[in-house]
Structure formats: C-alpha cells, structure tokens
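K.L.:
I'd like to ask you about the structure that follows.
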Amino acid sequence: MSSLLLINCVGVHPQKVDINKIKKERKLPTPDFFIPDAQYITSGNGSGWNLRQFLDFRFFSPPFFNSKETKQHKAAVYMAIKHMKDFEVVSWYSKSRDAGGKVRPIFTYQINSSICRDFQVLLYIGKKARSKTLTACKMNWGYWGFNYWDWPGAEKYIN
C-alpha cells in the first residue's frame, strides 16, 4: 500500500476547482491536454477500473463517495467513452447530498487497432471539487483500459 500512496503523492494530481464558479457558470474548467506524441507512446493497455477514477475522493482524505454515487460515476464514464462525441458532457448527481460529477471526452484517436479517448472528469462533494484528464483505450478483446497519468514524471506529458 505504501507504494500506491507514493505514486499518488508524486504523480500528476487532479487540479483543484472552485466549485462555486463551476456551479455559477455551469461549465467545466479547461481540461489539461496531453502532448500528442506522448499519448501514443504511453497509453498502452492501461489498467482496469479502480479507485483512481475517483481522483482525491478516496483513501485517507474524506469526503468519500457512497456506493450508489460510485456506480453513478462509473456509468457516466462508460457512457461518455462509449457513446458521446468529443466535447459532449455526461453529468450525474446524488439525490441524497450535494455530490456529483461530469465526464467529457475531449479527443478520440486510434492506436493500432485500439480506439482511445482522452476524457476530462470533474467530481465534487459539497465545496470540494477536483478535475483531471484521463485516457481510456478499448482493447481488441473488448474491455477498456485506463491510463491515470499519476506515475512519477507523468506531468511532462501534459501541456
């Protein structure tokens, strides 16, 4: 577990977002774009769905998303990467508290026979909000792999 925390602490962190501005303007912050040559080199097979999808709303840093909210976020991510056009937004909201998220594909490209999508995620609980750009690639055998860009040195691949 300590190595996972080390990677989380030294990699590319989600950007902090002013939730009041987001709610007032009703739009996502400007996404981080990847340097084009880097995304083709580093996307690879990626990892399966895991807790890194929830940005900093995990581990030892409350608040956390409940099980219903985690399912809503996962459904929104898969809806966005499977069905939405670039820059279309999928939103979800919790009925039980002030929590929600938005997912926006921003770039679609092909690597060999895999379709890849860079997408932006915005998550919030109350006044705490985070945004980050991630990559998903659909492999030949049909599952989606994710590159979380949170390993040491990843920041050099982001504009």
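Ordered as shown in the structure tokens, chains take letters A, B, and onward, while each chain numbers its residues from 1 and ligands are numbered from 1 in the order shown.
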Do you know which residues are at most 8 Å from Tyr148 of chain A counting only C-alpha atoms, after dropping those on the same chain fewer than 6 positions away, and could you put them as a list of chain:residue names?
P.N.:
A:Arg52, A:Gln53, A:Leu134, A:Thr135
K.L.:
Grab the residues selected above and save them as a PDB file, in the first residue's frame with all heavy atoms.
P.N.:
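The resulting file, result-v5.pdb, is shown below:
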```
ATOM      1  N   ARG A  52      -8.598   5.011  -8.550  1.00  0.00           N
ATOM      2  CA  ARG A  52      -8.007   6.249  -9.080  1.00  0.00           C
ATOM      3  C   ARG A  52      -9.008   7.042  -9.924  1.00  0.00           C
ATOM      4  O   ARG A  52      -8.824   8.231 -10.144  1.00  0.00           O
ATOM      5  CB  ARG A  52      -6.747   5.936  -9.874  1.00  0.00           C
ATOM      6  CG  ARG A  52      -5.626   5.451  -8.953  1.00  0.00           C
ATOM      7  CD  ARG A  52      -4.361   5.189  -9.709  1.00  0.00           C
ATOM      8  NE  ARG A  52      -4.527   3.987 -10.528  1.00  0.00           N
ATOM      9  CZ  ARG A  52      -3.600   3.495 -11.329  1.00  0.00           C
ATOM     10  NH1 ARG A  52      -2.439   4.115 -11.455  1.00  0.00           N
ATOM     11  NH2 ARG A  52      -3.807   2.412 -12.012  1.00  0.00           N
ATOM     12  N   GLN A  53     -10.089   6.384 -10.377  1.00  0.00           N
ATOM     13  CA  GLN A  53     -11.140   7.098 -11.116  1.00  0.00           C
ATOM     14  C   GLN A  53     -11.808   8.174 -10.261  1.00  0.00           C
ATOM     15  O   GLN A  53     -12.436   9.071 -10.783  1.00  0.00           O
ATOM     16  CB  GLN A  53     -12.222   6.121 -11.582  1.00  0.00           C
ATOM     17  CG  GLN A  53     -11.808   5.209 -12.677  1.00  0.00           C
ATOM     18  CD  GLN A  53     -11.780   5.880 -14.033  1.00  0.00           C
ATOM     19  OE1 GLN A  53     -12.334   6.945 -14.244  1.00  0.00           O
ATOM     20  NE2 GLN A  53     -11.118   5.248 -14.978  1.00  0.00           N
ATOM     21  N   LEU A 134      -7.948  11.989 -18.148  1.00  0.00           N
ATOM     22  CA  LEU A 134      -7.539  10.583 -18.150  1.00  0.00           C
ATOM     23  C   LEU A 134      -7.615  10.052 -19.580  1.00  0.00           C
ATOM     24  O   LEU A 134      -8.167  10.708 -20.464  1.00  0.00           O
ATOM     25  CB  LEU A 134      -8.472   9.761 -17.250  1.00  0.00           C
ATOM     26  CG  LEU A 134      -8.628  10.247 -15.804  1.00  0.00           C
ATOM     27  CD1 LEU A 134      -9.765   9.515 -15.115  1.00  0.00           C
ATOM     28  CD2 LEU A 134      -7.344  10.060 -15.042  1.00  0.00           C
ATOM     29  N   THR A 135      -7.100   8.864 -19.799  1.00  0.00           N
ATOM     30  CA  THR A 135      -7.150   8.221 -21.108  1.00  0.00           C
ATOM     31  C   THR A 135      -7.776   6.837 -20.965  1.00  0.00           C
ATOM     32  O   THR A 135      -7.461   6.107 -20.025  1.00  0.00           O
ATOM     33  CB  THR A 135      -5.734   8.066 -21.702  1.00  0.00           C
ATOM     34  OG1 THR A 135      -5.140   9.350 -21.829  1.00  0.00           O
ATOM     35  CG2 THR A 135      -5.767   7.390 -23.063  1.00  0.00           C
TER      36      THR A 135
END
```
K.L.:
Within 6 Å of segment 110-119 of chain A, counting only C-alpha atoms, which residues show up once you throw out same-chain ones fewer than 6 positions away? Write them as a list in words, please.
P.N.:
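Final neighbour list, sorted by chain and number: Arg104, Thr133, Leu134, Thr135, Ala136, Cys137, Lys138 and Met139 of chain A.
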K.L.:
Write a file of the selected residues as a PDB file, in the first residue's frame, keeping N, CA, C and O atoms.
P.N.:
```pdb
ATOM      1  N   ARG A 104     -16.355  14.382 -19.822  1.00  0.00           N
ATOM      2  CA  ARG A 104     -16.360  14.955 -21.172  1.00  0.00           C
ATOM      3  C   ARG A 104     -15.222  14.359 -21.989  1.00  0.00           C
ATOM      4  O   ARG A 104     -14.051  14.610 -21.702  1.00  0.00           O
ATOM      5  N   THR A 133      -7.670  14.993 -16.397  1.00  0.00           N
ATOM      6  CA  THR A 133      -7.787  14.375 -17.714  1.00  0.00           C
ATOM      7  C   THR A 133      -7.209  12.965 -17.624  1.00  0.00           C
ATOM      8  O   THR A 133      -6.120  12.765 -17.093  1.00  0.00           O
ATOM      9  N   LEU A 134      -7.948  11.989 -18.148  1.00  0.00           N
ATOM     10  CA  LEU A 134      -7.539  10.583 -18.150  1.00  0.00           C
ATOM     11  C   LEU A 134      -7.615  10.052 -19.580  1.00  0.00           C
ATOM     12  O   LEU A 134      -8.167  10.708 -20.464  1.00  0.00           O
ATOM     13  N   THR A 135      -7.100   8.864 -19.799  1.00  0.00           N
ATOM     14  CA  THR A 135      -7.150   8.221 -21.108  1.00  0.00           C
ATOM     15  C   THR A 135      -7.776   6.837 -20.965  1.00  0.00           C
ATOM     16  O   THR A 135      -7.461   6.107 -20.025  1.00  0.00           O
ATOM     17  N   ALA A 136      -8.647   6.476 -21.901  1.00  0.00           N
ATOM     18  CA  ALA A 136      -9.227   5.137 -21.957  1.00  0.00           C
ATOM     19  C   ALA A 136      -8.985   4.584 -23.356  1.00  0.00           C
ATOM     20  O   ALA A 136      -9.155   5.295 -24.348  1.00  0.00           O
ATOM     21  N   CYS A 137      -8.571   3.320 -23.432  1.00  0.00           N
ATOM     22  CA  CYS A 137      -8.376   2.650 -24.725  1.00  0.00           C
ATOM     23  C   CYS A 137      -9.160   1.344 -24.731  1.00  0.00           C
ATOM     24  O   CYS A 137      -9.070   0.558 -23.789  1.00  0.00           O
ATOM     25  N   LYS A 138      -9.928   1.128 -25.790  1.00  0.00           N
ATOM     26  CA  LYS A 138     -10.678  -0.113 -25.929  1.00  0.00           C
ATOM     27  C   LYS A 138      -9.790  -1.125 -26.640  1.00  0.00           C
ATOM     28  O   LYS A 138      -9.380  -0.924 -27.777  1.00  0.00           O
ATOM     29  N   MET A 139      -9.503  -2.195 -25.958  1.00  0.00           N
ATOM     30  CA  MET A 139      -8.616  -3.223 -26.487  1.00  0.00           C
ATOM     31  C   MET A 139      -9.358  -4.153 -27.453  1.00  0.00           C
ATOM     32  O   MET A 139     -10.580  -4.174 -27.484  1.00  0.00           O
TER      33      MET A 139
END
```
K.L.:
Please return as a list in words: the residues of segment 50-140 of chain A that backbone DSSP assigns to helix (DSSP H, G or I).
P.N.:
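The residues of segment 50-140 of chain A classed as helix (DSSP H, G or I) are Leu51, Arg52, Gln53, Phe54, Ser67, Lys68, Glu69, Thr70, Lys71, Gln72, His73, Lys74, Ala75, Ala76, Val77, Tyr78, Met79, Ala80, Ile81, Lys82 and His83 of chain A.
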K.L.:
In terms of the shortest atom-to-atom distance over only C-alpha atoms, which of A:Tyr78, A:Gly142, A:Phe54, A:His83 is closest to Gly100 of chain A?
P.N.:
A:Phe54
K.L.:
Using atom CA of Trp49 of chain A and atom CA of Trp144 of chain A as the two end points, give the distance in Å to one decimal.
P.N.:
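Atom-to-atom, atom CA of Trp49 of chain A to atom CA of Trp144 of chain A, that is 8.2 Å.
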K.L.:
Provide the atom CA of Gly145 of chain A to atom CA of Ser47 of chain A distance in Å, to one decimal place.
P.N.:
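Computing it gives 5.0 Å between the two atoms.
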K.L.:
Select, from A:Gln72, A:Pro63, A:Asn147, A:Gln120, the residue with the minimum atom-to-atom distance to Val89 of chain A, counting only C-alpha atoms.
P.N.:
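The closest residue to Val89 of chain A is A:Gln120.
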K.L.:
Have a look at A:Leu122, A:Leu55, A:Ile106, A:Phe65 and name the one nearest to Ser91 of chain A; count only C-alpha atoms.
P.N.:
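Using only C-alpha atoms, the shortest distance to Ser91 of chain A belongs to A:Leu122.
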